[in-house]
$ cat protein_35.cif   # mmCIF, C-alpha atoms
data_data
loop_
_atom_site.label_atom_id
_atom_site.label_comp_id
_atom_site.auth_asym_id
_atom_site.auth_seq_id
_atom_site.Cartn_x
_atom_site.Cartn_y
_atom_site.Cartn_z
CA MET A 68 -43.29 -14.91 -12.94
CA ASP A 69 -45.60 -17.76 -11.94
CA ILE A 70 -44.64 -19.61 -8.79
CA ASN A 71 -45.93 -23.13 -8.22
CA LEU A 72 -46.49 -23.27 -4.48
CA PHE A 73 -47.12 -27.00 -4.56
CA LYS A 74 -43.70 -27.67 -6.05
CA LEU A 75 -42.20 -25.54 -3.33
CA CYS A 76 -43.86 -27.90 -0.84
CA SER A 77 -41.42 -30.60 -1.92
CA GLY A 78 -38.76 -28.61 -0.09
CA LEU A 79 -40.34 -29.76 3.17
CA LYS A 80 -38.60 -33.11 2.61
CA PHE A 81 -35.37 -31.45 3.69
CA LEU A 82 -37.07 -30.45 6.94
CA GLY A 83 -38.03 -34.10 7.42
CA TYR A 84 -34.40 -35.24 7.37
CA LEU A 85 -33.67 -32.74 10.12
CA MET A 86 -36.59 -34.21 12.05
CA ILE A 87 -35.04 -37.67 11.86
CA LEU A 88 -31.86 -36.26 13.40
CA LEU A 89 -33.98 -34.56 16.07
CA VAL A 90 -35.71 -37.86 16.91
CA LEU A 91 -32.34 -39.60 17.24
CA ALA A 92 -31.05 -36.75 19.42
CA ILE A 93 -34.06 -36.96 21.75
CA VAL A 94 -33.64 -40.74 22.04
CA ALA A 95 -29.93 -40.29 22.81
CA VAL A 96 -30.56 -37.67 25.52
CA SER A 97 -33.32 -39.79 27.11
CA TYR A 98 -31.15 -42.91 27.00
CA TYR A 99 -28.24 -41.14 28.66
CA ALA A 100 -30.45 -39.62 31.35
CA VAL A 101 -32.38 -42.81 32.20
CA VAL A 102 -29.80 -45.56 31.68
CA VAL A 103 -26.44 -43.93 32.33
CA LEU A 104 -27.22 -41.27 34.93
CA THR A 105 -30.18 -42.50 36.98
CA TRP A 106 -31.14 -46.19 36.74
CA GLY A 107 -28.00 -47.86 35.40
CA PRO A 108 -25.95 -47.14 38.55
CA ARG A 109 -28.67 -48.77 40.69
CA LEU A 110 -27.78 -52.15 39.22
CA LEU A 111 -24.61 -52.09 41.35
CA ARG A 112 -26.38 -51.45 44.66
CA GLY A 113 -27.60 -55.01 45.14
CA GLY A 114 -30.79 -56.28 46.71
CA LEU A 115 -34.26 -55.04 45.79
CA SER A 116 -32.90 -51.85 44.23
CA SER A 117 -30.88 -53.85 41.67
CA PHE A 118 -33.83 -56.09 40.86
CA LEU A 119 -36.11 -53.09 40.30
CA ALA A 120 -33.46 -51.36 38.16
CA PHE A 121 -33.03 -54.53 36.06
CA PHE A 122 -36.80 -54.76 35.45
CA VAL A 123 -37.06 -51.05 34.62
CA LEU A 124 -34.14 -51.11 32.18
CA LEU A 125 -35.44 -54.30 30.53
CA LEU A 126 -38.82 -52.66 29.91
CA PHE A 127 -37.12 -49.46 28.77
CA HIS A 128 -35.05 -51.29 26.15
CA LEU A 129 -38.01 -53.40 25.00
CA LEU A 130 -40.12 -50.30 24.34
CA LEU A 131 -37.16 -48.60 22.68
CA LEU A 132 -36.71 -51.60 20.38
CA LEU A 133 -40.39 -51.64 19.38
CA LEU A 134 -40.39 -47.86 18.97
CA SER A 135 -37.32 -47.91 16.72
CA TRP A 136 -38.59 -50.87 14.71
CA SER A 137 -41.96 -49.18 14.08
CA TYR A 138 -40.31 -45.84 13.29
CA PHE A 139 -37.98 -47.16 10.62
CA MET A 140 -40.76 -49.25 9.10
CA VAL A 141 -42.76 -46.03 8.63
CA VAL A 142 -39.72 -44.22 7.22
CA LEU A 143 -38.69 -46.97 4.81
CA ARG A 144 -42.04 -48.49 3.80
CA ASP A 145 -43.79 -47.13 0.73
CA PRO A 146 -47.22 -45.91 1.89
CA GLY A 147 -48.78 -47.20 -1.33
CA SER A 148 -48.38 -46.09 -4.94
CA VAL A 149 -50.88 -46.29 -7.77
CA PRO A 150 -49.85 -49.12 -10.14
CA GLU A 151 -48.70 -47.98 -13.56
CA ASN A 152 -51.52 -47.74 -16.13
CA TRP A 153 -54.13 -48.33 -13.43
CA ARG A 154 -57.63 -47.43 -14.60
CA PRO A 155 -60.70 -47.06 -12.39
CA VAL A 156 -63.64 -49.40 -12.76
CA ARG A 157 -66.52 -47.34 -14.10
CA ASP A 158 -68.71 -47.81 -11.09
CA GLU A 159 -69.62 -44.67 -9.19
CA GLU A 160 -69.34 -46.47 -5.85
CA ASN A 161 -65.62 -46.90 -6.50
CA PHE A 162 -65.05 -43.15 -6.76
CA GLU A 163 -64.87 -40.47 -4.11
CA ALA A 164 -68.02 -38.45 -3.73
CA ASP A 165 -66.29 -35.16 -4.48
CA GLY A 166 -64.08 -36.51 -7.29
CA SER A 167 -60.97 -34.70 -6.09
CA CYS A 168 -57.57 -35.74 -4.80
CA LEU A 169 -57.11 -32.66 -2.65
CA PRO A 170 -58.74 -29.24 -2.78
CA HIS A 171 -56.17 -28.05 -5.33
CA GLU A 172 -56.84 -31.05 -7.58
CA ALA A 173 -60.25 -30.20 -8.89
CA SER A 174 -60.57 -30.99 -12.57
CA GLY A 175 -58.44 -28.42 -14.29
CA SER A 176 -58.39 -27.10 -17.81
CA GLY A 177 -56.32 -28.97 -20.34
CA SER A 178 -56.80 -32.36 -18.65
CA THR A 179 -58.39 -35.02 -20.83
CA TRP A 180 -59.27 -38.67 -20.52
CA PRO A 181 -59.54 -41.16 -23.40
CA SER A 182 -63.06 -42.51 -23.79
CA SER A 183 -64.13 -45.90 -25.14
CA ASN A 184 -64.75 -44.49 -28.64
CA GLY A 185 -61.27 -42.97 -28.91
CA SER A 186 -62.28 -39.36 -28.30
CA GLU A 187 -61.04 -37.24 -25.44
CA GLY A 188 -63.20 -35.57 -22.84
CA ARG A 189 -63.24 -34.24 -19.31
CA PRO A 190 -61.46 -36.43 -16.73
CA PRO A 191 -63.95 -38.60 -14.87
CA LEU A 192 -64.17 -39.18 -11.15
CA GLY A 193 -61.14 -41.13 -9.95
CA PHE A 194 -58.61 -39.24 -12.06
CA CYS A 195 -55.67 -37.17 -10.77
CA VAL A 196 -54.99 -34.23 -13.06
CA ARG A 197 -51.53 -33.71 -11.58
CA CYS A 198 -50.29 -37.29 -12.04
CA GLN A 199 -52.38 -37.69 -15.21
CA MET A 200 -53.45 -41.16 -14.19
CA GLY A 201 -56.30 -43.00 -12.54
CA LYS A 202 -56.95 -42.48 -8.86
CA PRO A 203 -58.23 -45.45 -6.82
CA PRO A 204 -60.88 -44.85 -4.14
CA ARG A 205 -59.61 -43.06 -1.01
CA CYS A 206 -56.41 -42.09 -2.83
CA HIS A 207 -55.09 -38.52 -2.62
CA HIS A 208 -52.28 -36.56 -4.17
CA CYS A 209 -49.44 -35.44 -1.90
CA SER A 210 -47.96 -32.09 -2.89
CA ILE A 211 -44.77 -32.82 -0.93
CA CYS A 212 -44.09 -36.28 -2.39
CA GLN A 213 -45.45 -35.11 -5.79
CA ARG A 214 -47.47 -38.30 -6.30
CA CYS A 215 -50.72 -40.01 -5.42
CA VAL A 216 -50.75 -42.07 -2.22
CA LEU A 217 -53.15 -44.93 -1.58
CA LYS A 218 -55.55 -44.23 1.32
CA MET A 219 -53.46 -41.23 2.27
CA ASP A 220 -53.83 -40.04 5.85
CA HIS A 221 -51.25 -37.23 5.90
CA HIS A 222 -47.64 -36.41 5.12
CA CYS A 223 -45.56 -36.65 8.28
CA VAL A 224 -42.39 -34.55 8.39
CA TRP A 225 -41.18 -36.60 11.37
CA VAL A 226 -40.78 -39.68 9.16
CA VAL A 227 -40.04 -37.94 5.81
CA ASN A 228 -42.83 -39.99 4.28
CA CYS A 229 -46.55 -40.10 3.68
CA VAL A 230 -48.73 -42.19 5.93
CA GLY A 231 -50.98 -44.35 3.78
CA ALA A 232 -52.53 -47.77 3.32
CA CYS A 233 -49.27 -49.73 3.46
CA ASN A 234 -47.64 -48.13 6.50
CA TYR A 235 -50.53 -46.73 8.59
CA LYS A 236 -50.33 -49.61 11.08
CA PHE A 237 -46.60 -48.96 11.58
CA PHE A 238 -47.28 -45.27 12.14
CA LEU A 239 -49.90 -46.04 14.81
CA LEU A 240 -47.53 -48.43 16.58
CA PHE A 241 -44.82 -45.78 16.45
CA LEU A 242 -47.21 -43.34 18.17
CA LEU A 243 -48.20 -45.96 20.76
CA TYR A 244 -44.69 -47.08 21.70
CA THR A 245 -43.34 -43.53 21.68
CA PHE A 246 -46.13 -42.50 24.05
CA LEU A 247 -45.41 -45.44 26.36
CA GLU A 248 -41.65 -44.79 26.26
CA THR A 249 -41.91 -41.05 26.91
CA THR A 250 -44.46 -41.61 29.69
CA MET A 251 -42.17 -44.16 31.30
CA ASP A 252 -39.15 -41.86 30.96
CA THR A 253 -41.11 -39.02 32.55
CA LEU A 254 -42.01 -41.15 35.57
CA LEU A 255 -38.49 -42.54 35.92
CA LEU A 256 -36.91 -39.09 35.78
CA LEU A 257 -39.50 -37.42 38.03
CA PRO A 258 -37.61 -38.03 41.34
CA SER A 259 -34.40 -36.69 39.83
CA PHE A 260 -36.27 -33.70 38.41
CA ILE A 261 -37.76 -32.94 41.84
CA ASN A 262 -34.29 -33.03 43.37
CA PHE A 263 -32.89 -30.96 40.53
CA PHE A 264 -33.09 -27.59 42.28
CA SER A 265 -31.70 -28.77 45.61
CA GLU A 266 -28.82 -30.60 43.90
CA ALA A 267 -28.09 -27.57 41.73
CA LYS A 268 -28.06 -25.33 44.82
CA ASN A 269 -25.81 -27.67 46.82
CA HIS A 270 -23.59 -28.51 43.81
CA SER A 271 -23.96 -32.21 44.67
CA SER A 272 -24.05 -33.18 40.99
CA SER A 273 -22.22 -31.89 37.96
CA PRO A 274 -24.02 -29.11 36.03
CA GLY A 275 -23.84 -31.17 32.83
CA GLU A 276 -25.64 -34.16 34.36
CA LEU A 277 -28.30 -31.94 35.91
CA ALA A 278 -28.88 -30.21 32.57
CA VAL A 279 -29.29 -33.54 30.76
CA ILE A 280 -31.82 -34.79 33.32
CA PHE A 281 -33.75 -31.51 33.22
CA VAL A 282 -33.89 -31.41 29.41
CA ALA A 283 -34.78 -35.11 29.12
CA PHE A 284 -37.63 -34.77 31.64
CA VAL A 285 -39.14 -31.70 29.95
CA LEU A 286 -38.88 -33.21 26.46
CA ASN A 287 -40.41 -36.53 27.46
CA LEU A 288 -43.24 -34.86 29.36
CA ALA A 289 -44.05 -32.60 26.39
CA PHE A 290 -44.01 -35.49 23.92
CA ALA A 291 -46.10 -37.74 26.17
CA LEU A 292 -48.85 -35.14 26.50
CA SER A 293 -48.92 -34.29 22.80
CA LEU A 294 -48.82 -37.95 21.70
CA LEU A 295 -51.75 -38.75 23.97
CA CYS A 296 -53.87 -36.35 21.91
CA PHE A 297 -52.68 -37.92 18.65
CA LEU A 298 -53.40 -41.43 19.94
CA VAL A 299 -56.95 -40.51 20.92
CA MET A 300 -57.54 -38.85 17.54
CA HIS A 301 -56.13 -41.70 15.45
CA GLY A 302 -57.88 -44.27 17.63
CA SER A 303 -61.21 -42.70 16.75
CA LEU A 304 -60.20 -42.64 13.06
CA VAL A 305 -59.27 -46.34 13.09
CA PHE A 306 -62.52 -47.44 14.73
CA SER A 307 -64.56 -45.40 12.24
CA ASN A 308 -62.41 -46.50 9.26
CA THR A 309 -61.61 -42.89 8.36
CA THR A 310 -58.44 -41.01 7.49
CA SER A 311 -57.46 -37.51 8.60
CA ILE A 312 -58.34 -36.21 5.14
CA GLU A 313 -61.68 -38.01 4.94
CA VAL A 314 -62.88 -36.43 8.17
CA TYR A 315 -63.49 -33.27 6.12
CA GLU A 316 -65.09 -35.21 3.26
CA LYS A 317 -67.71 -37.12 5.23
CA LYS A 318 -71.23 -35.77 5.15
CA LYS A 319 -72.54 -34.89 8.57
CA GLY A 320 -75.45 -37.01 9.72
CA VAL A 321 -74.73 -39.75 7.16
CA ARG A 322 -72.96 -42.92 8.23
CA TRP A 323 -69.59 -43.31 6.50
CA LYS A 324 -69.88 -45.92 3.76
CA TYR A 325 -66.57 -47.55 4.73
CA ASP A 326 -67.63 -47.96 8.38
CA LEU A 327 -67.88 -51.74 8.79
CA GLY A 328 -68.13 -51.84 12.58
CA ARG A 329 -65.37 -51.40 15.16
CA ARG A 330 -63.87 -54.91 14.90
CA LYS A 331 -63.74 -55.02 11.11
CA ASN A 332 -62.54 -51.42 10.93
CA PHE A 333 -59.67 -52.33 13.24
CA GLU A 334 -58.79 -55.36 11.10
CA GLN A 335 -58.70 -53.18 7.98
CA VAL A 336 -55.55 -51.60 9.47
CA PHE A 337 -54.04 -54.20 11.83
CA GLY A 338 -55.07 -57.43 10.11
CA THR A 339 -56.75 -60.49 11.60
CA LYS A 340 -53.66 -62.11 13.15
CA LYS A 341 -53.86 -61.18 16.85
CA ALA A 342 -50.27 -62.32 17.43
CA LEU A 343 -49.05 -59.59 15.05
CA TRP A 344 -51.30 -56.74 16.17
CA PHE A 345 -48.61 -55.10 18.32
CA PHE A 346 -45.69 -55.71 15.97
CA PRO A 347 -44.87 -53.67 12.82
CA LEU A 348 -45.60 -56.69 10.63
CA LEU A 349 -48.41 -57.84 8.35
CA SER A 350 -48.95 -61.50 7.47
CA GLU A 351 -49.00 -62.64 3.84
CA GLU A 352 -52.42 -64.18 4.51
CA ASP A 353 -53.88 -60.85 5.62
CA LEU A 354 -52.30 -59.02 2.69
CA GLY A 355 -54.02 -61.43 0.33
CA LYS A 356 -57.31 -61.59 2.22
CA ILE A 357 -57.79 -57.92 3.16
CA PRO A 358 -57.59 -55.70 0.03
CA ALA A 359 -57.62 -52.54 2.19
CA LEU A 360 -54.09 -53.34 3.40
CA GLN A 361 -52.89 -52.93 -0.20
CA GLY A 362 -54.92 -49.76 -0.71
CA LEU A 363 -56.68 -50.41 -4.03
CA GLU A 364 -60.06 -51.82 -2.97
CA PHE A 365 -62.16 -51.16 0.10
CA PRO A 366 -65.30 -52.99 1.19
CA THR A 367 -68.30 -50.85 2.04
CA ARG A 368 -71.22 -51.37 4.38
CA SER A 369 -73.39 -52.44 1.47
CA ASP A 370 -70.88 -55.18 0.57
CA VAL A 371 -70.85 -56.55 4.13
CA GLU A 372 -74.63 -56.38 4.55
CA ALA A 373 -75.32 -58.02 1.20
#
$ encode --input "protein_35.cif" --output "C-alpha cells"
Amino acid sequence: MDINLFKLCSGLKFLGYLMILLVLAIVAVSYYAVVVLTWGPRLLRGGLSSFLAFFVLLLFHLLLLLLSWSYFMVVLRDPGSVPENWRPVRDEENFEADGSCLPHEASGSGSTWPSSNGSEGRPPLGFCVRCQMGKPPRCHHCSICQRCVLKMDHHCVWVVNCVGACNYKFFLLFLLYTFLETTMDTLLLLPSFINFFSEAKNHSSSPGELAVIFVAFVLNLAFALSLLCFLVMHGSLVFSNTTSIEVYEKKKGVRWKYDLGRRKNFEQVFGTKKALWFFPLLSEEDLGKIPALQGLEFPTRSDVEA
C-alpha cells in the first residue's frame, strides 16, 4: 500500500492547536507569577515601591497587549494564496532559478501545461505540480497546509499557520514582543527565584506559589534565550530580503537578485510608514505601493538600478 507522507504532514495541524493552548498556558502562568504573586502586592505598599510596581505592571501589560495582538494576527491572517487561474508571465526573471516549489515538487510525470497552440507539454518554470496551477516567484508549496503560499518562509506549528508575504511582519513582531516580554519576566522574577530555596526551606511561602514562580522563571528564561537566536536569524533574513527557504536556494558568491539594500529590504516587509513599523498593521497606501506585501511581484536589483 502506498503511503503519501506529505498528506500525513497535514496531521501536524492538530499539533498546532495544542501549541496555541500551550502559549495561553505559559502566558497565564507568567501573568499569575508576575502580577498576582510578586509585583501586584507591591502596589499596596505606598511610596517609591508602589510607583515602581505601577510602572513595571504598565509596561508588562503593554508588551502583553502587543504580543497578543501580533500573535493572533499571525494565526488569523492568510499568509498569501495564489489567485485562482493565475498564470505566470513568460519571462524567465519572474521564475525561480530551480523551478521547484519544494524539493518534493520537481516536475513530475503526468503533469502537463497548456501551450499557446492548444497542445500540452511539460510544465514550465513557475508551475506547482501538486496544486496544478501557476506558481508566482518566491512562492512555495506547503505540505502541511496542502497549498501554495506566497513568499513562504516556513510553516509554524506555534501559530497553526504558514508564515508568508501577508503575515511575515506580524510574525516578526510576535517574536520581538515575546522576546521583550519573556526577558522582562525573567528579570522581574529573578529576585523571587533567588529566594526560592531559602523560602522553600523555611516554609515562608506556600508550596504552590513557589512552584508557580519557579516554573514561570525557568520557562521565560528558556524562551528568551531561544527567541534571541530566532530574532538574530530573521533579522539577517529581513535585511537581505531572503526567506528561510531561499537561504538554501541562493548561489554562494552571487548577490541575491532581490537584495535591494538594507532600507528597501526592510520596507519590503514593514512598509514605509514609520508610525506603523512596530504595530501589526499595514497601511492601504503601502499595500498598493509595495507589491511585495501582497506576494505576487517582487522588484529586483536590476529594476532598482535601471
$ residues_around --input "protein_35.cif" --residues "region 131-136 of chain A" --least-positions-apart "3" --cutoff "8 Å" --atoms "only C-alpha atoms" --output "list in words"
Phe127, His128, Phe139, Met140, Leu240, Phe241, Tyr244, Thr245, Glu248, Phe346 and Pro347 of chain A
$ resolve_selection --input "protein_35.cif" --expression "the PyMOL selection byres ((chain A and resi 252-259) around 7)" --output "list of chain:residue names"
A:Val101, A:Glu248, A:Thr249, A:Thr250, A:Met251, A:Phe260, A:Ile261, A:Asn262, A:Phe263, A:Phe284, A:Asn287, A:Leu288
$ resolve_selection --input "protein_35.cif" --expression "the PyMOL selection byres ((chain A and resi 233) around 7)" --output "PyMOL selection string"
chain A and resi 145-147+231-232+234-235+360-361
$ write_last_selection --input "protein_35.cif" --atoms "C-alpha atoms" --output "PDB file, keeping the file's coordinate frame"
ATOM      1  CA  ASP A 145     -43.790 -47.130   0.730  1.00  0.00           C
ATOM      2  CA  PRO A 146     -47.220 -45.910   1.890  1.00  0.00           C
ATOM      3  CA  GLY A 147     -48.780 -47.200  -1.330  1.00  0.00           C
ATOM      4  CA  GLY A 231     -50.980 -44.350   3.780  1.00  0.00           C
ATOM      5  CA  ALA A 232     -52.530 -47.770   3.320  1.00  0.00           C
ATOM      6  CA  ASN A 234     -47.640 -48.130   6.500  1.00  0.00           C
ATOM      7  CA  TYR A 235     -50.530 -46.730   8.590  1.00  0.00           C
ATOM      8  CA  LEU A 360     -54.090 -53.340   3.400  1.00  0.00           C
ATOM      9  CA  GLN A 361     -52.890 -52.930  -0.200  1.00  0.00           C
TER      10      GLN A 361
END
$ residues_around --input "protein_35.cif" --residues "region 90-93 of chain A" --least-positions-apart "2" --cutoff "8 Å" --atoms "only C-alpha atoms" --output "PyMOL selection string"
chain A and resi 86-88+95-97+225+283+286
$ atom_distance --input "protein_35.cif" --atom1 "CA of Ala291 (chain A)" --atom2 "CA of Leu217 (chain A)"
29.5 Å
$ atom_distance --input "protein_35.cif" --atom1 "CA of Ser148 (chain A)" --atom2 "CA of Val216 (chain A)"
5.4 Å
